[in-house]
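Each remark here refers to the structure printed beneath this line.
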Amino acid sequence: MRQIPMREPDTLLEVRDLATHFFTDEGVVRAVDGASFDIPRGKTLCIVGESGSGKSVMARAVMGLTRAPGRVVGGSVLWCPDQDGQATDLATLHGNSRAYRAIRGPEIGMIFQEPMAALSPVHTIGTQLAESVRSRHAVSKRETRERGIEALARVGIPEPAARYDQYGFELSGGMRQRAMIAMALAAEPKLLIADEPTTALDVTTQAGILDLILDLQSETGMTVMFITHDLGVVAEIADSVAVMYLGRVVEHADVDTAFHAPAHPYTEALLRALPSIHAKTGERLAAIPGMVPHPFARPAGCAFHPRCHRFRPGLCETREPENVPVAPGHGARCLLLKPARKAAAE
Amino acid sequence: MTEMLLEIRDLCKHYPLGGPGLLRRRAVPVVRAVDRVSFDIAEGETLSLVGESGCGKTTLGKTIMRAHPATSGEMRYRRADGSIVDLGRLDGAALKAAHREIRMIFQDPNGSLNPRLSVRDIVGEPLRVRRIAQGAALEKRVAELLEKVGLRPEYLHRYPHAFSGGERQRIGIARALALDPRLVVADEAVSALDVSIQAQTLNLLSDLKSEFGLTFLFIAHDLSVVRHISDRVAVMYVGRMVELAKTEALFTRPRHPYTEALMSSVPIPDPRLRRARKRIRLAGEVASPINSPSGCAFHPRCPYATEICVRDVPQLRPTGGGLAACHHAETLELAGVSHIAEGAE
Ligand SMILES: Nc1ncnc2c1ncn2[C@@H]1O[C@H](COP(=O)(O)OP(=O)(O)O)[C@@H](O)[C@H]1O
Ligand SMILES: Nc1ncnc2c1ncn2[C@@H]1O[C@H](COP(=O)(O)OP(=O)(O)O)[C@@H](O)[C@H]1O
Ligand code: SF4
Ligand SMILES: [Mg+2]
Ligand SMILES: [Mg+2]
C-alpha cells in the first residue's frame, strides 16, 4: 500500500501560465489564457468562476483530455507525486500517451457534473469499478469484486452488492454521483478533480456528497481540486480558492482571505452580488453591471474593466495586469494593487 | 388587509402511470405529483414555493396555467373586474381572458424560446395572437417591453442564439409581461443564471413588481434567493405542502423538520460558519410520489419521528403564526438560519 503523507506543506500540482485555445472557423477562442495556481498535498483548492470562465477547459487540460479544435498552446502542468521525487510536466505529454494514461485514473481521478456521461450505458457499475481497481492493483477476480463492493459501501450506497451488478441508469441522481466517486476513488488517486459534481443535485443530496468527499479526504490524505460556481460550496469545503475570469486566475488566496479580505474587485463584486440567507428581504442586490464578454470580444487591458466598480480610466484599459503577490499565499491580477513588500515599505 | 388574488383548495394533480392507454379497472398506480394542496396568494405579494426536485412545484405551476387539467380541487381566481372564477372550470374565451392576466416564466430560457423566431415575434406573439397589436404598433410595444427588462430595442430582429443565458431569460420575462399580467408564475426563473446575472434579474423582478403591482408565485430551490424575494414561503415534500409561513418566521424558526433539514443543508458563503452550524443530514432519499410512506411521508428521514408519524397523516394546521403539517410542530424547537450568523460574530 502506498503511504500518502498528510498535511505536507509542499505542492502536489503546480499549474503555470496554462493556455488552451480553440481554433474555430469564426476565430480563436482563448478559453484558458494564462492560468496559474498550485495545490498543496492533502488540501482542497476550489476553482470558482461564472460559466464560460474556462474552468472545465482548464480541468481537461490538466487531465490531458483537451478536445479538438482545442489545443494546449502554452504553460506547464507540474505533477509532483512524491515529496522528494521529480516533477513531470504533463503539458509536454501527449494526452493519449502511455505515460499520461498511467497517471490519469490511477493517480489523478475525476468526477463530472453529469455522471451519466461518465457511466457507461452498456457496462454495469461493477465492470467499470473493476477496471478502476485493476488500474491500481493486480488482484484476483474475486478480490476485485470485493474491493469494488467495498468502494460502493464506502461512498454510502445502500445494498452495494446488488448495485454492483446494476447499470448507471438504474440509480437516482445522487446515487449515480456516488457511484462515479466510488469509481474514481477505487483507484486510490492522489488528486481528485471534481468538475461541478453537485451542481445538478438538490442541496440535501449535495450536502451528503460534500461530506463524503471531505471524509474520504481526511481518511486518505487525497488532494482535491473542486470546480464550482457556487460560493457557498467553496466556503464549505475549500482550503484555498482560485477565482477565474475569462480564462485567467484573477485571485488566489486561502479561503478566509478570499471571503473576508479579497483583493480583486471581481471577487469582491461576486460576493456582494449574492443574496444572503440571513438578510432581511426586499433590499436591492449589488449586481455586477453588464455581463461576461464574449470570448471573441475580450476587453483590452484588464478584461474585467468594463464591469469594475474600481475602474480607473487611463490605467485599467491600457495595461494587462500581472499577478501581484499582495501577501504570502495571496495573489491577484489587478492594476490597483501593490506587492506586499512594496506596500509595507511605503 | 390586501385582497386574495388566488385561492387554491385541495388541489390534486395525479399522473396515471403507464399512460392513459392502459385502462385497467383496478388500482392503476398514479404519481401523486400534487396532493391536496391548499394556499392563498394575496394581491401584490410574492409567495415562494420550495422543495427538492420532484416534489411537485412545476406540476403545481402548470396546473394553475391549465397546461393540464387538475385531478380535483379548486383554483379560485379574482379577475381584474372583481369577479371570482375557478380556473379549473373555465374554458374557451373565459379561460383565455383569465390567462391573459396570469403568465408564466419558465426555467430554461433556451428550451422555452423558439430558435426560429426573432425577438420581435417571440415577445410580440401574445399580442399578435390576441389581436391586441400588429405592425408598427406591435413593434413599438415590443421595443418598450425590451427596454423594461434592460435589453436594447435594437435587438428586435435578432434570434435567441445571439443572446446570452441571462439575456434569454429577460426575453422570457418581456414575453410574460406583454399582456400586462397581474399574476406571474416564475418557475426557477433565475436558477440557471450566474451570480452576477442572477442579481440583475432579481433586481429587475422586484422593480417590475413595484412598478406594476405584480403578484408572484416564485418557484425556486435556492433558499438565499427565496429569502431575498419572498413575502411568504411554502415548503413542499412529495406533492404535499408541509409548511407555509412568513419569510422571516420561516427562516428564523421553522416549524417542520423538513424545512429545518433543508436550511441546514444550504451551503452558506462564509467559511467561518463551517463549524458553527448545526447540521441535519437526511438519511435515505426523497420518497416516491407513487408509493409514498404511511403517515407523514417524511417519517423515514425525519430525526424526530415517533409512532404517530408512521401511523397518521399530519394535517396542515396553524402553528406559530404560519401553517405546518407535523405532529410535533408545537413542541419541537427547530433551528432556522438566523442564529448561525449571530454565532459567528
Ligand atoms: N469545443 C469548443 N469550441 C470552441 N469554444 C469552446 C469549446 N469548448 C469550450 N469553449 C469555450 O471555452 C470557454 C470556457 O469554457 P468552459 O471551460 O466550459 O467554461 P466553464 O467550465 O468555466 O463554464 C467558453 O467561452 C467556451 O465557449
Ligand atoms: N407528465 C408526467 N407524467 C408522469 N409523472 C410526471 C409527469 N410530470 C412530472 N411527473 C412526476 O411528478 C412529480 C413532480 O414533478 P415536478 O412537478 O416536475 O417536480 P419539481 O418541479 O418540484 O421538480 C415527479 O415525481 C415527476 O417525476
Ligand atoms: S410528523 Fe413526524 S415524521 Fe413527520 S416531520 Fe413531524 S416529526 Fe417528522
Ligand atoms: Mg464547466
Ligand atoms: Mg420543476
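Every chain in the C-alpha cells takes a letter, A first, then B, and so on in the order presented; its residues are numbered from 1, and the ligands are numbered from 1 following the presented order.
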
(Q) So that I can check the surroundings of range 187-192 of chain A, please list as a ChimeraX atom specification every protein, DNA and RNA residue that reaches within 9 Å of it, counting only C-alpha atoms and ignoring chain neighbours fewer than 5 positions away. (A) /A:4,12-13,41-42,81,103-111,129,131-137,182,220-226

Sorted per-residue table, chain A near ligand 2, closest atoms and distance, 12 Å, only C-alpha atoms and all ligand atoms, as a tab-separated table:
```
residue	atom	partner	partner_atom_place_in_ligand_line	distance
A:Ser172	CA	ligand 2	27 (O)	11.8
A:Ala200	CA	ligand 2	23 (O)	11.8
A:Leu201	CA	ligand 2	23 (O)	11.2
A:Asp202	CA	ligand 2	23 (O)	9.8
```

Please check which protein, DNA or RNA residues sit within 8 Å of ligand 3, counting only C-alpha atoms and all ligand atoms, and write them as a PDB file with N, CA and C atoms, in the first residue's frame.
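So the final result, stored in selection.pdb, reads:
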```pdb
ATOM      1  N   HIS B 256     -41.437  22.871  10.654  1.00  0.00           N
ATOM      2  CA  HIS B 256     -41.459  21.497  10.147  1.00  0.00           C
ATOM      3  C   HIS B 256     -40.027  20.960  10.045  1.00  0.00           C
ATOM      4  N   PRO B 257     -39.801  19.744  10.509  1.00  0.00           N
ATOM      5  CA  PRO B 257     -38.447  19.176  10.475  1.00  0.00           C
ATOM      6  C   PRO B 257     -37.836  19.168   9.065  1.00  0.00           C
ATOM      7  N   TYR B 258     -38.663  19.027   8.045  1.00  0.00           N
ATOM      8  CA  TYR B 258     -38.116  19.031   6.693  1.00  0.00           C
ATOM      9  C   TYR B 258     -37.557  20.410   6.347  1.00  0.00           C
ATOM     10  N   GLY B 295     -48.482   7.425   6.976  1.00  0.00           N
ATOM     11  CA  GLY B 295     -48.413   8.534   7.934  1.00  0.00           C
ATOM     12  C   GLY B 295     -47.804   9.765   7.298  1.00  0.00           C
ATOM     13  N   CYS B 296     -46.835  10.361   7.981  1.00  0.00           N
ATOM     14  CA  CYS B 296     -46.126  11.512   7.421  1.00  0.00           C
ATOM     15  C   CYS B 296     -45.101  10.998   6.412  1.00  0.00           C
ATOM     16  N   ALA B 297     -45.198  11.487   5.178  1.00  0.00           N
ATOM     17  CA  ALA B 297     -44.317  10.973   4.123  1.00  0.00           C
ATOM     18  C   ALA B 297     -42.843  11.206   4.449  1.00  0.00           C
ATOM     19  N   PHE B 298     -42.577  12.119   5.348  1.00  0.00           N
ATOM     20  CA  PHE B 298     -41.200  12.439   5.694  1.00  0.00           C
ATOM     21  C   PHE B 298     -40.660  11.520   6.796  1.00  0.00           C
ATOM     22  N   HIS B 299     -41.504  10.689   7.389  1.00  0.00           N
ATOM     23  CA  HIS B 299     -41.064   9.989   8.602  1.00  0.00           C
ATOM     24  C   HIS B 299     -39.817   9.119   8.434  1.00  0.00           C
ATOM     25  N   PRO B 300     -39.600   8.438   7.265  1.00  0.00           N
ATOM     26  CA  PRO B 300     -38.395   7.603   7.202  1.00  0.00           C
ATOM     27  C   PRO B 300     -37.088   8.402   7.290  1.00  0.00           C
ATOM     28  N   ARG B 301     -37.152   9.700   7.014  1.00  0.00           N
ATOM     29  CA  ARG B 301     -35.932  10.508   7.041  1.00  0.00           C
ATOM     30  C   ARG B 301     -35.917  11.461   8.224  1.00  0.00           C
ATOM     31  N   CYS B 302     -36.970  11.482   8.991  1.00  0.00           N
ATOM     32  CA  CYS B 302     -37.113  12.525   9.996  1.00  0.00           C
ATOM     33  C   CYS B 302     -36.438  12.145  11.309  1.00  0.00           C
ATOM     34  N   PRO B 303     -35.551  13.006  11.814  1.00  0.00           N
ATOM     35  CA  PRO B 303     -34.877  12.692  13.071  1.00  0.00           C
ATOM     36  C   PRO B 303     -35.799  12.759  14.285  1.00  0.00           C
ATOM     37  N   TYR B 304     -36.995  13.315  14.125  1.00  0.00           N
ATOM     38  CA  TYR B 304     -37.888  13.475  15.274  1.00  0.00           C
ATOM     39  C   TYR B 304     -39.090  12.530  15.222  1.00  0.00           C
ATOM     40  N   ALA B 305     -39.100  11.618  14.260  1.00  0.00           N
ATOM     41  CA  ALA B 305     -40.288  10.797  14.047  1.00  0.00           C
ATOM     42  C   ALA B 305     -40.590   9.901  15.250  1.00  0.00           C
ATOM     43  N   THR B 306     -41.877   9.777  15.548  1.00  0.00           N
ATOM     44  CA  THR B 306     -42.322   8.847  16.591  1.00  0.00           C
ATOM     45  C   THR B 306     -43.391   7.945  15.978  1.00  0.00           C
ATOM     46  N   ILE B 308     -46.645   7.902  16.063  1.00  0.00           N
ATOM     47  CA  ILE B 308     -47.800   8.528  15.417  1.00  0.00           C
ATOM     48  C   ILE B 308     -47.453   8.974  13.981  1.00  0.00           C
ATOM     49  N   CYS B 309     -46.171   9.323  13.776  1.00  0.00           N
ATOM     50  CA  CYS B 309     -45.734   9.787  12.452  1.00  0.00           C
ATOM     51  C   CYS B 309     -45.841   8.678  11.410  1.00  0.00           C
ATOM     52  N   VAL B 310     -45.642   7.445  11.850  1.00  0.00           N
ATOM     53  CA  VAL B 310     -45.712   6.310  10.944  1.00  0.00           C
ATOM     54  C   VAL B 310     -47.172   5.987  10.637  1.00  0.00           C
ATOM     55  N   VAL B 313     -51.486  10.576   8.985  1.00  0.00           N
ATOM     56  CA  VAL B 313     -51.061  11.668   8.106  1.00  0.00           C
ATOM     57  C   VAL B 313     -51.268  12.989   8.839  1.00  0.00           C
ATOM     58  N   PRO B 314     -50.195  13.777   9.040  1.00  0.00           N
ATOM     59  CA  PRO B 314     -50.381  15.061   9.729  1.00  0.00           C
ATOM     60  C   PRO B 314     -51.062  16.068   8.814  1.00  0.00           C
ATOM     61  N   ALA B 325     -47.461  20.955   8.747  1.00  0.00           N
ATOM     62  CA  ALA B 325     -48.058  19.624   8.765  1.00  0.00           C
ATOM     63  C   ALA B 325     -47.096  18.658   9.437  1.00  0.00           C
ATOM     64  N   CYS B 326     -46.984  18.770  10.746  1.00  0.00           N
ATOM     65  CA  CYS B 326     -46.122  17.876  11.519  1.00  0.00           C
ATOM     66  C   CYS B 326     -46.816  17.613  12.848  1.00  0.00           C
ATOM     67  N   HIS B 327     -46.824  16.348  13.255  1.00  0.00           N
ATOM     68  CA  HIS B 327     -47.493  16.011  14.512  1.00  0.00           C
ATOM     69  C   HIS B 327     -46.871  16.726  15.699  1.00  0.00           C
ATOM     70  N   HIS B 328     -45.585  17.041  15.580  1.00  0.00           N
ATOM     71  CA  HIS B 328     -44.884  17.608  16.729  1.00  0.00           C
ATOM     72  C   HIS B 328     -44.528  19.079  16.545  1.00  0.00           C
ATOM     73  N   ALA B 329     -45.212  19.715  15.593  1.00  0.00           N
ATOM     74  CA  ALA B 329     -44.856  21.095  15.259  1.00  0.00           C
ATOM     75  C   ALA B 329     -44.877  22.030  16.462  1.00  0.00           C
TER      76      ALA B 329
END
```

Which neighbours of Arg145 in chain A fall inside 7 Å, counting only C-alpha atoms, when residues of the same chain fewer than 4 positions from it are skipped, and could you give them as an mmCIF file with N, CA and C atoms, in the first residue's frame?
```cif
data_model
loop_
_atom_site.group_PDB
_atom_site.id
_atom_site.type_symbol
_atom_site.label_atom_id
_atom_site.label_comp_id
_atom_site.auth_asym_id
_atom_site.auth_seq_id
_atom_site.Cartn_x
_atom_site.Cartn_y
_atom_site.Cartn_z
ATOM 1 N N ALA A 130 -14.353 -2.415 -11.525
ATOM 2 C CA ALA A 130 -13.284 -3.405 -11.602
ATOM 3 C C ALA A 130 -12.096 -2.836 -12.379
ATOM 4 N N LYS A 141 -10.013 -11.954 -9.558
ATOM 5 C CA LYS A 141 -11.349 -11.523 -9.926
ATOM 6 C C LYS A 141 -12.222 -11.346 -8.689
ATOM 7 N N ILE A 149 -17.196 -3.635 -4.315
ATOM 8 C CA ILE A 149 -18.371 -3.546 -3.442
ATOM 9 C C ILE A 149 -18.048 -2.701 -2.212
#
```

Please report, as JSON lines, each residue of chain A lying at most 6 Å from chain B, together with the nearest pair of atoms and the separation in Å rounded to one decimal; use only C-alpha atoms, and order rows by chain and ascending residue number.
```
{"residue": "A:Glu50", "atom": "CA", "partner": "B:Asp194", "partner_atom": "CA", "distance": 5.8}
{"residue": "A:Asp202", "atom": "CA", "partner": "B:Glu52", "partner_atom": "CA", "distance": 5.9}
{"residue": "A:Val203", "atom": "CA", "partner": "B:Ser265", "partner_atom": "CA", "distance": 5.7}
{"residue": "A:Thr204", "atom": "CA", "partner": "B:Ser265", "partner_atom": "CA", "distance": 5.4}
{"residue": "A:Ala207", "atom": "CA", "partner": "B:Ser265", "partner_atom": "CA", "distance": 5.7}
{"residue": "A:Leu231", "atom": "CA", "partner": "B:Pro269", "partner_atom": "CA", "distance": 5.4}
{"residue": "A:Gly232", "atom": "CA", "partner": "B:Pro269", "partner_atom": "CA", "distance": 3.9}
{"residue": "A:Val233", "atom": "CA", "partner": "B:Pro267", "partner_atom": "CA", "distance": 5.5}
{"residue": "A:Ala235", "atom": "CA", "partner": "B:Pro271", "partner_atom": "CA", "distance": 4.4}
{"residue": "A:Glu236", "atom": "CA", "partner": "B:Arg274", "partner_atom": "CA", "distance": 5.9}
{"residue": "A:Ala273", "atom": "CA", "partner": "B:Ala199", "partner_atom": "CA", "distance": 5.8}
{"residue": "A:Pro275", "atom": "CA", "partner": "B:Ser224", "partner_atom": "CA", "distance": 5.6}
{"residue": "A:Ser276", "atom": "CA", "partner": "B:Ser224", "partner_atom": "CA", "distance": 5.4}
{"residue": "A:Ile277", "atom": "CA", "partner": "B:Ser224", "partner_atom": "CA", "distance": 4.2}
{"residue": "A:His278", "atom": "CA", "partner": "B:Ser338", "partner_atom": "CA", "distance": 5.7}
{"residue": "A:Thr281", "atom": "CA", "partner": "B:His228", "partner_atom": "CA", "distance": 4.5}
{"residue": "A:Leu285", "atom": "CA", "partner": "B:Ala199", "partner_atom": "CA", "distance": 5.8}
{"residue": "A:Ala287", "atom": "CA", "partner": "B:Ala199", "partner_atom": "CA", "distance": 4.9}
{"residue": "A:Ile288", "atom": "CA", "partner": "B:Ser196", "partner_atom": "CA", "distance": 5.2}
```

Q.
as a PyMOL selection string, please: every residue in range 246-317 of chain B that a backbone DSSP assignment puts in helix (DSSP H, G or I).
A. chain B and resi 247-252+257-265+271-273+299-301+307-311

Do you know which residues are within 9 Å of ligand 4 using only C-alpha atoms and all ligand atoms? Can you write them as a compact mmCIF listing (two decimals) with N, CA, C and O atoms, in the first residue's frame?
```txt
# COMPACT_ATOMS: atom_id res chain seq x y z
N GLU A 50 -17.76 32.31 -13.10
CA GLU A 50 -19.04 32.20 -13.77
C GLU A 50 -18.91 31.32 -15.01
O GLU A 50 -17.80 31.02 -15.44
N SER A 51 -20.04 30.91 -15.59
CA SER A 51 -19.94 29.98 -16.70
C SER A 51 -19.20 30.62 -17.86
O SER A 51 -19.32 31.80 -18.12
N GLY A 52 -18.39 29.83 -18.52
CA GLY A 52 -17.59 30.32 -19.63
C GLY A 52 -16.25 30.88 -19.21
O GLY A 52 -15.47 31.31 -20.06
N SER A 53 -15.94 30.85 -17.91
CA SER A 53 -14.67 31.44 -17.48
C SER A 53 -13.49 30.51 -17.74
O SER A 53 -12.35 30.91 -17.56
N GLY A 54 -13.75 29.28 -18.15
CA GLY A 54 -12.66 28.38 -18.54
C GLY A 54 -12.34 27.30 -17.53
O GLY A 54 -11.33 26.61 -17.66
N LYS A 55 -13.22 27.09 -16.55
CA LYS A 55 -12.95 26.12 -15.50
C LYS A 55 -12.83 24.70 -16.05
O LYS A 55 -11.86 23.99 -15.77
N SER A 56 -13.83 24.30 -16.84
CA SER A 56 -13.82 22.93 -17.35
C SER A 56 -12.69 22.71 -18.35
O SER A 56 -12.03 21.67 -18.35
N VAL A 57 -12.47 23.69 -19.20
CA VAL A 57 -11.40 23.57 -20.21
C VAL A 57 -10.05 23.43 -19.50
O VAL A 57 -9.21 22.61 -19.88
N ALA A 59 -9.57 22.22 -16.43
CA ALA A 59 -9.50 20.89 -15.80
C ALA A 59 -9.15 19.82 -16.83
O ALA A 59 -8.35 18.93 -16.57
N GLN A 113 -19.97 16.78 -13.55
CA GLN A 113 -21.32 17.22 -13.20
C GLN A 113 -22.35 16.17 -13.57
O GLN A 113 -23.25 15.87 -12.82
N ASP A 195 -15.41 18.29 -11.24
CA ASP A 195 -15.93 19.42 -12.01
C ASP A 195 -17.44 19.55 -11.79
O ASP A 195 -18.23 18.82 -12.36
N GLU A 196 -17.83 20.48 -10.93
CA GLU A 196 -19.23 20.74 -10.60
C GLU A 196 -20.01 19.45 -10.30
O GLU A 196 -21.08 19.23 -10.85
N ILE A 227 -14.18 22.14 -8.72
CA ILE A 227 -14.64 23.24 -9.57
C ILE A 227 -16.11 23.51 -9.29
O ILE A 227 -16.91 22.56 -9.27
N THR A 228 -16.45 24.74 -9.07
CA THR A 228 -17.85 25.07 -8.81
C THR A 228 -18.11 26.53 -9.13
O THR A 228 -17.17 27.31 -9.26
N HIS A 229 -19.38 26.89 -9.33
CA HIS A 229 -19.67 28.31 -9.46
C HIS A 229 -20.38 28.80 -8.20
O HIS A 229 -20.77 29.94 -8.10
```

(Q) Distance limit 9 Å, reference ligand 5, atoms considered: only C-alpha atoms and all ligand atoms. Which residues make the cut? Give them as a ChimeraX atom specification. (A) /B:53-59,61,107,187-188,219-220

Kindly export the residues of the current selection with all heavy atoms, as a JSON list (two decimals), in the first residue's frame.
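Result file is again06.json:
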```json
[["chain", "number", "residue", "atom", "x", "y", "z"],
["B", 53, "SER", "N", -36.20, 18.52, -5.88],
["B", 53, "SER", "CA", -36.73, 18.27, -7.21],
["B", 53, "SER", "C", -37.66, 17.06, -7.16],
["B", 53, "SER", "O", -37.42, 16.10, -6.44],
["B", 53, "SER", "CB", -35.61, 18.06, -8.22],
["B", 53, "SER", "OG", -34.74, 17.07, -7.77],
["B", 54, "GLY", "N", -38.73, 17.16, -7.92],
["B", 54, "GLY", "CA", -39.71, 16.08, -7.95],
["B", 54, "GLY", "C", -40.82, 16.25, -6.92],
["B", 54, "GLY", "O", -41.73, 15.42, -6.86],
["B", 55, "CYS", "N", -40.78, 17.31, -6.12],
["B", 55, "CYS", "CA", -41.80, 17.44, -5.07],
["B", 55, "CYS", "C", -43.10, 18.02, -5.62],
["B", 55, "CYS", "O", -44.09, 18.09, -4.89],
["B", 55, "CYS", "CB", -41.29, 18.27, -3.90],
["B", 55, "CYS", "SG", -41.12, 20.01, -4.25],
["B", 56, "GLY", "N", -43.12, 18.44, -6.88],
["B", 56, "GLY", "CA", -44.38, 18.85, -7.49],
["B", 56, "GLY", "C", -44.52, 20.34, -7.76],
["B", 56, "GLY", "O", -45.60, 20.80, -8.11],
["B", 57, "LYS", "N", -43.44, 21.10, -7.66],
["B", 57, "LYS", "CA", -43.52, 22.54, -7.84],
["B", 57, "LYS", "C", -43.96, 22.91, -9.26],
["B", 57, "LYS", "O", -44.88, 23.69, -9.45],
["B", 57, "LYS", "CB", -42.15, 23.20, -7.54],
["B", 57, "LYS", "CG", -41.61, 22.87, -6.17],
["B", 57, "LYS", "CD", -40.26, 23.53, -5.91],
["B", 57, "LYS", "CE", -39.12, 23.07, -6.80],
["B", 57, "LYS", "NZ", -38.73, 21.67, -6.64],
["B", 58, "THR", "N", -43.28, 22.34, -10.25],
["B", 58, "THR", "CA", -43.61, 22.66, -11.63],
["B", 58, "THR", "C", -45.02, 22.19, -11.97],
["B", 58, "THR", "O", -45.79, 22.89, -12.63],
["B", 58, "THR", "CB", -42.58, 22.01, -12.59],
["B", 58, "THR", "OG1", -41.31, 22.59, -12.33],
["B", 58, "THR", "CG2", -42.95, 22.24, -14.05],
["B", 59, "THR", "N", -45.36, 20.99, -11.50],
["B", 59, "THR", "CA", -46.70, 20.47, -11.74],
["B", 59, "THR", "C", -47.76, 21.42, -11.20],
["B", 59, "THR", "O", -48.77, 21.70, -11.87],
["B", 59, "THR", "CB", -46.86, 19.07, -11.10],
["B", 59, "THR", "OG1", -45.87, 18.21, -11.64],
["B", 59, "THR", "CG2", -48.23, 18.50, -11.36],
["B", 61, "GLY", "N", -47.44, 24.69, -10.71],
["B", 61, "GLY", "CA", -47.46, 25.87, -11.58],
["B", 61, "GLY", "C", -48.21, 25.61, -12.87],
["B", 61, "GLY", "O", -49.04, 26.40, -13.31],
["B", 107, "GLN", "N", -38.19, 27.97, -16.54],
["B", 107, "GLN", "CA", -36.85, 27.76, -16.01],
["B", 107, "GLN", "C", -35.78, 27.89, -17.08],
["B", 107, "GLN", "O", -34.78, 28.56, -16.89],
["B", 107, "GLN", "CB", -36.77, 26.36, -15.41],
["B", 107, "GLN", "CG", -35.35, 25.90, -15.14],
["B", 107, "GLN", "CD", -35.34, 24.68, -14.26],
["B", 107, "GLN", "OE1", -36.31, 23.95, -14.18],
["B", 107, "GLN", "NE2", -34.25, 24.47, -13.57],
["B", 187, "ASP", "N", -41.13, 29.89, -12.76],
["B", 187, "ASP", "CA", -40.63, 28.56, -12.41],
["B", 187, "ASP", "C", -39.12, 28.53, -12.57],
["B", 187, "ASP", "O", -38.61, 28.43, -13.67],
["B", 187, "ASP", "CB", -41.29, 27.50, -13.29],
["B", 187, "ASP", "CG", -40.96, 26.09, -12.82],
["B", 187, "ASP", "OD1", -40.26, 25.94, -11.80],
["B", 187, "ASP", "OD2", -41.42, 25.12, -13.47],
["B", 188, "GLU", "N", -38.40, 28.60, -11.46],
["B", 188, "GLU", "CA", -36.94, 28.55, -11.47],
["B", 188, "GLU", "C", -36.37, 29.58, -12.45],
["B", 188, "GLU", "O", -35.43, 29.30, -13.19],
["B", 188, "GLU", "CB", -36.44, 27.15, -11.86],
["B", 188, "GLU", "CG", -37.03, 26.02, -11.04],
["B", 188, "GLU", "CD", -36.24, 25.68, -9.78],
["B", 188, "GLU", "OE1", -35.32, 26.44, -9.44],
["B", 188, "GLU", "OE2", -36.58, 24.68, -9.15],
["B", 219, "ILE", "N", -41.24, 29.96, -7.95],
["B", 219, "ILE", "CA", -40.78, 28.60, -7.69],
["B", 219, "ILE", "C", -39.26, 28.58, -7.73],
["B", 219, "ILE", "O", -38.67, 29.05, -8.69],
["B", 219, "ILE", "CB", -41.36, 27.63, -8.75],
["B", 219, "ILE", "CG1", -42.89, 27.64, -8.68],
["B", 219, "ILE", "CG2", -40.80, 26.24, -8.57],
["B", 219, "ILE", "CD1", -43.57, 26.86, -9.79],
["B", 220, "ALA", "N", -38.63, 28.08, -6.69],
["B", 220, "ALA", "CA", -37.17, 28.14, -6.64],
["B", 220, "ALA", "C", -36.64, 27.09, -5.71],
["B", 220, "ALA", "O", -37.37, 26.55, -4.88],
["B", 220, "ALA", "CB", -36.72, 29.52, -6.16]]
```

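Straight-line separation from CA of Gly34 in chain A to CA of Phe259 in chain A: 23.6 Å.
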
(Q) Would you compute the distance between CA of Ala136 in chain B and CA of Arg175 in chain B? Give it in Å to one decimal. (A) 17.5 Å

Q: List every residue of range 51-202 of chain B that DSSP, applied to the backbone, labels as strand (DSSP E), and write the result as a ChimeraX atom specification.
A: /B:72-78,84-86,102-105,183-187

Q. What does the distance between CA of Gly124 in chain B and CA of Val142 in chain B come to in Å, to one decimal place?
A.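 Straight-line distance from CA of Gly124 in chain B to CA of Val142 in chain B works out to 6.0 Å.
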
Q) So which residues touch Asn114 in chain B within 10 Å, counting only C-alpha atoms, skipping near sequence neighbours fewer than 6 positions away, as a list of chain:residue names? A)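 The filter keeps B:Asp121, B:Ile122, B:Tyr159, B:Pro160, B:His161.
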
Emit the selected residues as a compact mmCIF listing (two decimals), in the first residue's frame, including all heavy atoms.
```
# COMPACT_ATOMS: atom_id res chain seq x y z
N ASP B 121 -40.92 38.54 -32.71
CA ASP B 121 -42.01 37.57 -32.82
C ASP B 121 -42.26 36.82 -31.51
O ASP B 121 -43.39 36.50 -31.18
CB ASP B 121 -41.72 36.57 -33.95
CG ASP B 121 -41.76 37.27 -35.30
OD1 ASP B 121 -42.41 38.33 -35.39
OD2 ASP B 121 -41.11 36.79 -36.25
N ILE B 122 -41.17 36.55 -30.79
CA ILE B 122 -41.33 35.82 -29.53
C ILE B 122 -42.08 36.68 -28.51
O ILE B 122 -43.07 36.26 -27.92
CB ILE B 122 -39.95 35.43 -28.96
CG1 ILE B 122 -39.31 34.34 -29.82
CG2 ILE B 122 -40.08 34.96 -27.50
CD1 ILE B 122 -37.87 34.06 -29.49
N TYR B 159 -32.16 36.78 -33.24
CA TYR B 159 -32.72 35.47 -32.88
C TYR B 159 -32.12 35.02 -31.54
O TYR B 159 -31.03 35.47 -31.15
CB TYR B 159 -32.43 34.47 -33.99
CG TYR B 159 -33.26 34.79 -35.22
CD1 TYR B 159 -32.86 35.79 -36.11
CD2 TYR B 159 -34.46 34.13 -35.43
CE1 TYR B 159 -33.65 36.11 -37.20
CE2 TYR B 159 -35.25 34.45 -36.52
CZ TYR B 159 -34.85 35.44 -37.41
OH TYR B 159 -35.64 35.75 -38.47
N PRO B 160 -32.82 34.10 -30.83
CA PRO B 160 -32.38 33.74 -29.47
C PRO B 160 -30.90 33.34 -29.38
O PRO B 160 -30.24 33.65 -28.39
CB PRO B 160 -33.28 32.55 -29.12
CG PRO B 160 -34.52 32.79 -29.89
CD PRO B 160 -34.09 33.46 -31.18
N HIS B 161 -30.36 32.65 -30.39
CA HIS B 161 -28.99 32.15 -30.25
C HIS B 161 -27.98 33.27 -30.09
O HIS B 161 -26.87 33.05 -29.61
CB HIS B 161 -28.62 31.26 -31.44
CG HIS B 161 -28.47 32.01 -32.73
ND1 HIS B 161 -27.29 32.64 -33.07
CD2 HIS B 161 -29.34 32.27 -33.72
CE1 HIS B 161 -27.46 33.24 -34.24
NE2 HIS B 161 -28.69 33.04 -34.64
```

Q: Would you list the contacts of range 242-256 of chain A as number ranges by chain, taking every protein, DNA or RNA residue within 8 Å and counting only C-alpha atoms, but skipping same-chain residues closer than 5 positions in sequence?
A: A: 30-37, 45-50, 52-55, 234-235, 261, 263-264, 267, 292, 295, 298, 303-304, 323, 329-334; B: 271-272

**Q.** Residues within 12 Å of Asp89 in chain A, only C-alpha atoms, excluding chain neighbours under 3 positions, as a ChimeraX atom specification
**A.** /A:13-16,18,61-64,74-81,86,92-94,99-100,103

Q. When distances are computed from only C-alpha atoms and all ligand atoms, which of A:Leu90, A:Ala297, A:Ala118, A:Val326 shows the smallest separation from ligand 1?
A.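 Among the listed residues, A:Ala297 lies closest to ligand 1.
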